[in-house]
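K.L.:
Dropping the structure in here first, questions after.
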Number of protein chains: 2
Amino acid sequence: MSQYHPVRFVDVRLEGDFWKERLETVLAKTIPSQHQKLGEYGILGSIKLPQPPPPLRFPRHPNGFTVQVFWDSDIGKWIEAASYALSHRRDAQIEAKIEAVIDDFEKAQAPDGYLNCWYLGREPEKRFTNLRDNHEFYNAGHLLEGAIAYFETTGRRRWLDIMERYLDCIYREFGPNSGQKHGYDGHQEIELALIKLYHLTGERKHLEFATYLINERGRQPPHFFDAEREQREAKGIDTQRYVYPNYEYSQSHMPVREQTKVVGHAVRAMYMYTAMADLAAELNDQGLKTACETLWNDVMVTKMYITAGLGPSAHNEGFTFDYDLPNQTAYAETCASVALIFWAQRMLHLDLDGKYADVLERALYNGALSGLSRDGSHYFYANPLESNGSAERWEWHTCPCCTMNVSRLVASVGGYFISTSTDGLAFHLYGGISSTQTVAGTEVRVRETSNYPWSGAIAIEIDPATPTAFDVKLRVPGWARTHSLAVNGEKITAAPVNGYVTVRRTWQKGDKIALDLPMEAERVYANPGVIMDIGRVALKRGPLVYCVEEADNPGGAVQRLKLPRDAALKSSTRTDLFGGAVTISASARAIEPGDFRELYRTSPPREAEATMTALPYYLWANRGKGSMVVWIPEA
Amino acid sequence: MSQYHPVRFVDVRLEGDFWKERLETVLAKTIPSQHQKLGEYGILGSIKLPQPPPPLRFPRHPNGFTVQVFWDSDIGKWIEAASYALSHRRDAQIEAKIEAVIDDFEKAQAPDGYLNCWYLGREPEKRFTNLRDNHEFYNAGHLLEGAIAYFETTGRRRWLDIMERYLDCIYREFGPNSGQKHGYDGHQEIELALIKLYHLTGERKHLEFATYLINERGRQPPHFFDAEREQREAKGIDTQRYVYPNYEYSQSHMPVREQTKVVGHAVRAMYMYTAMADLAAELNDQGLKTACETLWNDVMVTKMYITAGLGPSAHNEGFTFDYDLPNQTAYAETCASVALIFWAQRMLHLDLDGKYADVLERALYNGALSGLSRDGSHYFYANPLESNGSAERWEWHTCPCCTMNVSRLVASVGGYFISTSTDGLAFHLYGGISSTQTVAGTEVRVRETSNYPWSGAIAIEIDPATPTAFDVKLRVPGWARTHSLAVNGEKITAAPVNGYVTVRRTWQKGDKIALDLPMEAERVYANPGVIMDIGRVALKRGPLVYCVEEADNPGGAVQRLKLPRDAALKSSTRTDLFGGAVTISASARAIEPGDFRELYRTSPPREAEATMTALPYYLWANRGKGSMVVWIPEA
């Protein structure tokens, strides 16, 4: 099988209702409101060097307000998100704002190329003394991704030039040679950004530095972070200022190829695995590929929420131990699900195995998308699977990483739908896109039309410029119990191989594919190792995980509702909900608090008949405060 | 009804197996090992002024190690606990250690009486500038309680003299007069200690200052903590050093008489309510009494764990909102249950209503006693009601408040068993005690013999020096569905009034009371407002709440076990467990992880028949790590 590669996000037009609405919201609401918040919170001000305005004080915030080491990255991610959005519809105002930021970075950049505004604005003499804690490469990575996206959309390369100068500065200081520091960042990110830059420019030095960072990570003794700390101590720099939990936190406890268990900070882990999978493909590195597969299995079999949320613990913003998936206190950071999508996409292109696309889709429609409100300007940083009613979306966050992660995802979602190889075209996601790609030497215009994720009835038109033979690979999702397929009305019976049905023929203008993936509401049970979910059941339909929210189930906390195992599940299209959504309802039992006055008593509470209505999880918390469960007690 | 008063702890001898074992463990193991830990952790060193040894560093502790503002209190509580223990059996070695501590405090005391070693050893010029955060009165209160206990046991008053000098210093600086600071401590404690001192010495100034502190608390504007902060800011002292959550945290958000909801830090709240109830009794203050009753009801109806644990949240070490009683993350600090015992005892002596004794007993046998290991040298600070197997007892804690709170409770538990009035003798707890008290002018020797809490068969001998008429009040616990009572073999039929049966007669030497309180294992259900416990059931027998622990239920996490509502509960005396304990067992259903390989699937896990064995909660986590639940899923 020839290798499949992702297409450029700018070459895919979103036409289906589901994603078009989200994209328009991000374009019209999210991108402008994020720029406004970046200003209000002093983040845009912090790069106005050499004299940034004094940091704002927020008296109601318990620690007042301080300049954060990661603010450059937030600006980089905003530009990246805005650039993706601009590829759908150019907007001079937004472009002017981006140019203004580039002006500031250009002025801030040191003569030798160094460009980190936190250090430059506060203690420039300490630059590159604490990669463990202070995110210099992480920031550079996000700035670089922003510069690449902006170049891809606009063709303007001023910022890319700035970033290449900064990279040269980094490459002089760090690397494998004697006289260089042998190190890497505490927060992985730059690795995957460098590979993007390599793909854009073809310059191998970027690929080589990414490879160096991955291979260097976790080597010991001495551990780079120890060596770095000893150097600080020798110079009397910041000896009491920083405390570090452990090297698992940053996945630097052992060389990455030896790692078999997913540990530590979830976003760091996902960004690193993404780069590892990228390098496995670029370098045909079987060791890295095997490590990725082992780590993937560890996540999938013991550590992923049903929503594709990752990282149960707020303590380390990350992973704990097998089957530890608490619902109400789930951290499940939006960024981690977004980053899981990156990793899954890389794994998918290593092997074109639908199991990766299944996870990509699960994360996209559930754990990631839940991070953005319907109005496009409120967010979840943590995405719990249960709420007592106290969880609310934030207008902003002191660490606003998730806000721009979800906007850059939505604005670039078209890039995940299809892939091409020299000899084929693969459909991974459905939902209404059109694109023109070169396949087997011919320009092929494709259009996929569907009401996905609400319906699995999918129509595809394949229009090659001239009749041409190539593969069309159609993903049959893991959730689909059956499927039916026809080309130009002629039924094709083929079992999916690794999650894809392949149709090879000489395609001609006007060829039509009809794929039907029947969607039924279904029950899901968790492995009993997940002690929190024992005796509970979740509902799903197609790629969507459902939740029971108080807004649809008034009368008290939804935790009072129990779903009998034999209750029929009914799907209903509700045009009154969020512009159209499919709910699942069922007969249920409700615990009645009515006669229970005391806190404890020896007789059980009464139960009554009730109806339960479940809503797609990604839509929760858009109608004020209220209780919510994903895992419903079974009667 | 004449007023009942607690008896002195030194006048009650513990003879029953249950408490004798605990007392002996505290005497022989806990008190000495706590002294050793106080030394190892630098706490005893911190009072060696003017030149304390440098604080120890614990590299594995994330914040290294610092001298804590509350260390004086830990020493005070250790002396208090040791003094109670010494009243049972004097020990020259322990007394020498206490005397050495008193030597240090005597040397540390400033000429004007001031005595807080944290300030004296670090920044004496800042004393009394931050009562909100730095616990000066709190420390004084615990030191004072230690001094009182040591005096009561030994008759030595050197330390009491030291403390009275310190109090005079405080009384000069703080109070209602002009020229004095109008304030109180962020952490209540001294109030109840001052009332103890008043009881000991009869000096009204102590009662008056306690009254002043209670009445002053929460008055505004200006709020004392604001005024204090403004003074610090005017002097440029510590302007950036401290951050305060809110005034609810320290129950100073409004005057205490106006408070109707239990809020904030649980231990602070309980200590304050204890002092409020004390003052209500001393001053016959109906306003304070009503406030106490309102707050009591708030706790009982919406905020108490079944174990009498208090304060669900680690965030504020305290209360959140109604019915918020999470099990696995329950904070339920040992100190809070100990302090609830103090408060319940005060409420009981305001009204002699058994509902207060019921809570006292529930806290004593469950939420408080669980804080101390069987070996007497390991502790729980938090007392969760569920564990995934990761919870373990601590050898020590950076904030060791709970360790000495549980030891001082156990060493003084005799003081909670009985009370006297001018005309009567009341039995609140059972478990084997003897005491000689003066009742109705006559010396009366009493002995209560039972195997409580394992059995409710209770025998009491009443031996007055001369035949005398007085009331004997016998508590019939709220958990008892029936009771039977006989005096000298003659059955007495009387329904309890407010939880007590009163037997009035002319008592003669050799009179014998037989009280039988049949104990049956029972199910308990939580109010459905407690969403975490919906669909779950707890087990209790007599005063003991039970838990299901992995050590008795091998084969995986106990969360897999479900108890059918109709399964019979069987009580068994198990001499092989912890020197004898009654377990509860039942037929149950067990979820079988066997065939469940994936993380999620659409078919439910298999179930099988199983036996479930439950152990008294206070005994949990004494056999290594393992999962535990109090609230068992119902099948």
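Chain identifiers are assigned as A, B, and so on, following the order in which chains appear in the structure tokens; residues are numbered from 1 within each chain, and ligands are numbered from 1 in order of appearance.
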Going by DSSP on the backbone, which bits of range 130-368 of chain A are strand (DSSP E or B)? Write them as a compact mmCIF listing (two decimals) with N, CA and C atoms, in the first residue's frame, please.
P.N.:
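Final output, out32.txt:
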```
# COMPACT_ATOMS: atom_id res chain seq x y z
N PHE A 174 22.19 24.77 21.49
CA PHE A 174 21.84 23.41 21.89
C PHE A 174 22.14 22.42 20.78
N LYS A 181 24.95 22.97 24.70
CA LYS A 181 24.18 22.35 25.78
C LYS A 181 23.43 21.16 25.21
N HIS A 265 2.26 14.71 32.71
CA HIS A 265 1.44 15.78 32.16
C HIS A 265 0.88 15.34 30.81
N MET A 304 -8.08 6.11 28.96
CA MET A 304 -8.83 7.11 28.20
C MET A 304 -10.28 7.14 28.64
N LEU A 310 -8.30 12.86 28.44
CA LEU A 310 -7.07 12.23 28.94
C LEU A 310 -6.58 12.98 30.18
N SER A 313 -6.11 13.71 36.56
CA SER A 313 -5.72 14.43 37.77
C SER A 313 -5.36 15.88 37.51
N GLY A 318 -2.46 15.48 34.56
CA GLY A 318 -2.09 14.33 33.75
C GLY A 318 -2.52 12.98 34.27
```
K.L.:
Fewer than 6 positions away in the same chain doesn't count, so skip those; otherwise give me all residues within 9 Å of Lys355 in chain A, counting only C-alpha atoms, as a ChimeraX atom specification.
P.N.:
/A:344,348,477-478,498-499
K.L.:
Can you check which residues of chain B have any atom within 9 Å of chain A? Use only C-alpha atoms and format it as a PyMOL selection string.
P.N.:
chain B and resi 62-63+243-245+300-306+323-324+388+522-532+534-535+537+556-560+562+591-593+596-605+633+635
K.L.:
Quick one: residues within 10 Å of range 359-368 of chain A, only C-alpha atoms counted, chain neighbours fewer than 4 positions away excluded, as a PyMOL selection string?
P.N.:
chain A and resi 300+304-310+332-345+347-348+354-355+372+380-385+402+405-406+409-410+413+416-417+428-430+453+477-478+542-546+616-619
K.L.:
Record the distance separating CA of Trp296 in chain B and CA of Met270 in chain B, expressed in Å with one decimal.
P.N.:
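Rounded to one decimal, the two atoms are 10.0 Å apart.
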K.L.:
In range 124-214 of chain B, what's helix (DSSP H, G or I) per DSSP? Answer as a VMD selection string?
P.N.:
chain B and resid 124 to 126 131 to 134 136 to 154 158 to 173 190 to 201 204 to 214
K.L.:
Which polymer residues have any atom within 10 Å of an atom of range 19-24 of chain B, counting only C-alpha atoms, with same-chain residues fewer than 5 positions away left out, as a PDB file with C-alpha atoms, in the first residue's frame?
P.N.:
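File produced: out_36.pdb:
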```pdb
ATOM      1  CA  ARG B  13     -11.019   4.721  85.185  1.00  0.00           C
ATOM      2  CA  LEU B  14     -11.346   2.874  81.892  1.00  0.00           C
ATOM      3  CA  LYS B  29       3.256   3.730  71.847  1.00  0.00           C
ATOM      4  CA  THR B  30       1.629   6.923  70.707  1.00  0.00           C
ATOM      5  CA  TYR B  84      -4.237  12.779  80.247  1.00  0.00           C
ATOM      6  CA  ALA B  85      -2.335   9.549  79.747  1.00  0.00           C
ATOM      7  CA  HIS B  88      -3.852   6.757  84.225  1.00  0.00           C
ATOM      8  CA  ARG B  89      -0.261   5.784  84.925  1.00  0.00           C
ATOM      9  CA  LEU B 369     -11.029   6.840  66.100  1.00  0.00           C
ATOM     10  CA  LEU B 372      -5.283   6.341  64.824  1.00  0.00           C
ATOM     11  CA  SER B 373      -3.779   3.062  63.648  1.00  0.00           C
ATOM     12  CA  ARG B 374      -3.882  -0.151  65.627  1.00  0.00           C
ATOM     13  CA  ASP B 375      -0.168   0.108  66.297  1.00  0.00           C
ATOM     14  CA  GLY B 376      -0.657   3.576  67.739  1.00  0.00           C
ATOM     15  CA  SER B 407      -4.179  10.901  71.195  1.00  0.00           C
ATOM     16  CA  LEU B 409      -9.033  12.334  72.801  1.00  0.00           C
ATOM     17  CA  VAL B 410      -8.306   8.693  73.544  1.00  0.00           C
ATOM     18  CA  ALA B 411      -6.320   9.534  76.677  1.00  0.00           C
ATOM     19  CA  SER B 412      -9.210  11.593  78.032  1.00  0.00           C
ATOM     20  CA  VAL B 413     -12.126   9.528  76.742  1.00  0.00           C
ATOM     21  CA  GLY B 414     -13.183   8.603  80.281  1.00  0.00           C
ATOM     22  CA  GLY B 431     -17.846   0.326  77.627  1.00  0.00           C
ATOM     23  CA  GLY B 432     -16.544  -0.366  81.126  1.00  0.00           C
ATOM     24  CA  ILE B 433     -15.620   2.389  83.548  1.00  0.00           C
ATOM     25  CA  TYR B 452     -19.662  -2.365  74.342  1.00  0.00           C
ATOM     26  CA  PRO B 453     -19.512  -1.497  71.435  1.00  0.00           C
ATOM     27  CA  GLY B 579      -8.082  -8.771  69.215  1.00  0.00           C
TER      28      GLY B 579
END
```
K.L.:
Give me the residues near Glu317 in chain B as a VMD selection string, where near means some atom within 8 Å (using only C-alpha atoms) and where sequence neighbours in that chain fewer than 2 positions away do not count.
P.N.:
chain B and resid 264 to 266 311 to 315 319 331 333
K.L.:
Which neighbours of range 68-70 of chain A fall inside 10 Å, counting only C-alpha atoms, when residues of the same chain fewer than 4 positions from it are skipped, and could you give them as a PyMOL selection string?
P.N.:
chain A and resi 43+46+74-75+116-119+133-136+138-140+142+398-401
K.L.:
Can you write just those residues out, N, CA, C and O atoms, as a short mmCIF file (atom, residue, chain, number, x, y, z; two decimals), in the first residue's frame?
P.N.:
```cif
data_model
loop_
_atom_site.label_atom_id
_atom_site.label_comp_id
_atom_site.auth_asym_id
_atom_site.auth_seq_id
_atom_site.Cartn_x
_atom_site.Cartn_y
_atom_site.Cartn_z
N ILE A 43 -1.57 40.09 27.94
CA ILE A 43 -0.70 39.15 27.23
C ILE A 43 -0.11 39.82 25.99
O ILE A 43 1.10 39.75 25.75
N SER A 46 2.56 42.21 26.98
CA SER A 46 3.81 41.66 27.52
C SER A 46 4.90 41.52 26.46
O SER A 46 6.07 41.32 26.80
N ASP A 74 0.65 31.52 23.81
CA ASP A 74 -0.77 31.82 23.61
C ASP A 74 -0.96 32.73 22.40
O ASP A 74 -1.91 32.57 21.64
N ILE A 75 -0.05 33.66 22.24
CA ILE A 75 -0.13 34.54 21.07
C ILE A 75 0.12 33.74 19.80
O ILE A 75 -0.58 33.88 18.80
N ASN A 116 12.31 35.36 23.32
CA ASN A 116 11.35 34.91 24.33
C ASN A 116 11.04 36.13 25.17
O ASN A 116 11.92 36.64 25.87
N CYS A 117 9.81 36.60 25.11
CA CYS A 117 9.50 37.91 25.68
C CYS A 117 9.50 37.90 27.20
O CYS A 117 9.72 38.94 27.82
N TRP A 118 9.23 36.75 27.80
CA TRP A 118 9.26 36.68 29.26
C TRP A 118 10.68 36.95 29.76
O TRP A 118 10.90 37.79 30.63
N TYR A 119 11.66 36.27 29.18
CA TYR A 119 13.05 36.51 29.57
C TYR A 119 13.53 37.89 29.11
O TYR A 119 14.14 38.63 29.88
N ASP A 133 11.60 24.33 33.53
CA ASP A 133 10.39 24.99 34.03
C ASP A 133 9.85 26.07 33.12
O ASP A 133 8.68 26.41 33.21
N ASN A 134 10.70 26.68 32.30
CA ASN A 134 10.29 27.97 31.75
C ASN A 134 9.94 28.03 30.27
O ASN A 134 9.77 29.10 29.71
N HIS A 135 9.83 26.85 29.64
CA HIS A 135 9.07 26.77 28.39
C HIS A 135 9.66 27.54 27.21
O HIS A 135 8.92 27.91 26.30
N GLU A 136 10.97 27.78 27.17
CA GLU A 136 11.46 28.58 26.03
C GLU A 136 11.24 27.86 24.70
O GLU A 136 10.79 28.47 23.73
N TYR A 138 9.08 25.46 24.15
CA TYR A 138 7.62 25.31 24.00
C TYR A 138 7.03 26.55 23.35
O TYR A 138 6.26 26.48 22.40
N ASN A 139 7.40 27.70 23.88
CA ASN A 139 6.93 28.95 23.28
C ASN A 139 7.39 29.08 21.84
O ASN A 139 6.61 29.45 20.96
N ALA A 140 8.66 28.76 21.60
CA ALA A 140 9.18 28.85 20.23
C ALA A 140 8.38 27.94 19.30
O ALA A 140 8.07 28.31 18.16
N HIS A 142 5.22 26.97 19.53
CA HIS A 142 3.91 27.52 19.19
C HIS A 142 4.03 28.76 18.30
O HIS A 142 3.22 28.96 17.40
N THR A 398 -6.60 31.82 33.52
CA THR A 398 -5.26 32.39 33.74
C THR A 398 -4.22 31.66 32.91
O THR A 398 -3.20 32.22 32.55
N CYS A 399 -4.45 30.39 32.62
CA CYS A 399 -3.63 29.66 31.65
C CYS A 399 -4.54 29.38 30.46
O CYS A 399 -5.25 28.39 30.45
N PRO A 400 -4.53 30.27 29.45
CA PRO A 400 -5.55 30.17 28.39
C PRO A 400 -5.20 29.21 27.28
O PRO A 400 -5.71 29.34 26.17
N CYS A 401 -4.35 28.23 27.55
CA CYS A 401 -3.88 27.33 26.49
C CYS A 401 -5.02 26.66 25.75
O CYS A 401 -4.99 26.54 24.52
#
```
K.L.:
Distance CA of Ser2 in chain B-CA of Leu197 in chain B, one decimal place?
P.N.:
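Here the two named atoms are 23.7 Å from each other.
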K.L.:
Name all residues at most 7 Å from Tyr379 in chain B (count only C-alpha atoms; drop same-chain ones fewer than 3 positions away) and give them as a ChimeraX atom specification.
P.N.:
/B:371-373,393-395,403
K.L.:
Please, could you write that set of residues out with C-alpha atoms as a compact mmCIF listing (two decimals), in the first residue's frame?
P.N.:
```txt
# COMPACT_ATOMS: atom_id res chain seq x y z
CA GLY B 371 -7.50 8.59 62.68
CA LEU B 372 -5.28 6.34 64.82
CA SER B 373 -3.78 3.06 63.65
CA ARG B 393 -1.83 5.88 57.03
CA TRP B 394 0.96 8.40 57.62
CA GLU B 395 3.81 8.00 60.02
CA THR B 403 -1.94 13.08 65.50
```
K.L.:
Which is closest to Cys169 in chain B among B:Ser73, B:Thr466, B:Asn297, B:Gln109, if we use only C-alpha atoms?
P.N.:
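Closest to Cys169 in chain B, using only C-alpha atoms: B:Gln109.
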K.L.:
I need the residue nearest Glu125 in chain A from this list: A:Asp298, A:Lys235, A:Leu143, A:Gly424. Use only C-alpha atoms for the distance.
P.N.:
A:Lys235
K.L.:
Go through A:Gly186, A:Gly42, A:Pro54, A:Pro6 and flag the residue nearest His199 in chain A, using only C-alpha atoms for the distances.
P.N.:
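Among the listed residues, A:Pro6 lies closest to His199 in chain A.
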